[in-house]
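K.L.:
Just dropping this structure here.
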Amino acid sequence: MSTTALMLALDIATAAVSMAMALCAWRLVRGPHTPDRVLAVDTLYLNAVALVVLLGIRLQTAMLFEAALIMAMLGFVSTVALARYLSRGDVIE
């Protein structure tokens with residue numbers, strides 16, 4: 001695979017993920033219910049992880065992959081904490 005085709009694929013993927021982030025941000029602002037907004041935040045952090053991975057591929061550095069892993073772990077924990085708070089009213093029992 002040539003580097004030109006790889007760069008084109010990375011540009012297309014970055015544009016698609018950016019569009020997905022814009023749509024999730026719209027859902028976050030216009031969501032009719034709280035669970036819709038929670039899902040929008042969850043999807044936003046997943047799209048942010050995807051953008052960091054795409055940037056890591058483009059720059060050919062392993063440090064961005066580690067950053068993406070940390071972002072994913074923190075996003076998962078925050079989503080669980082937010083869902084628990086919304087369902088029970090507290091995070092820690």
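For the structure tokens, the naming scheme is as follows: chains receive sequential letters (A, B, ...) according to their order of presentation, residues are indexed from 1 within each chain, and ligands are indexed from 1 in presentation order.
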Skipping near chain neighbours, those fewer than 2 positions away, what residues fall within 10 Å of A:Val41 using only C-alpha atoms, listed as a VMD selection string?
P.N.:
chain A and resid 21 24 to 25 27 to 28 35 to 39 43 to 47 75 78 to 79
K.L.:
Which residue, A:Met19, A:Ala48, A:Leu86, A:Ile92, has the smallest gap to A:His33 when you use only C-alpha atoms?
P.N.:
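Under the stated criterion, the closest residue is A:Leu86.
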K.L.:
Pick out the residues sitting within 8 Å of stretch 64-67 of chain A, and hand them over as a ChimeraX atom specification; count only C-alpha atoms, and ignore anything fewer than 5 positions along from it in its own chain.
P.N.:
/A:52-53,55-56
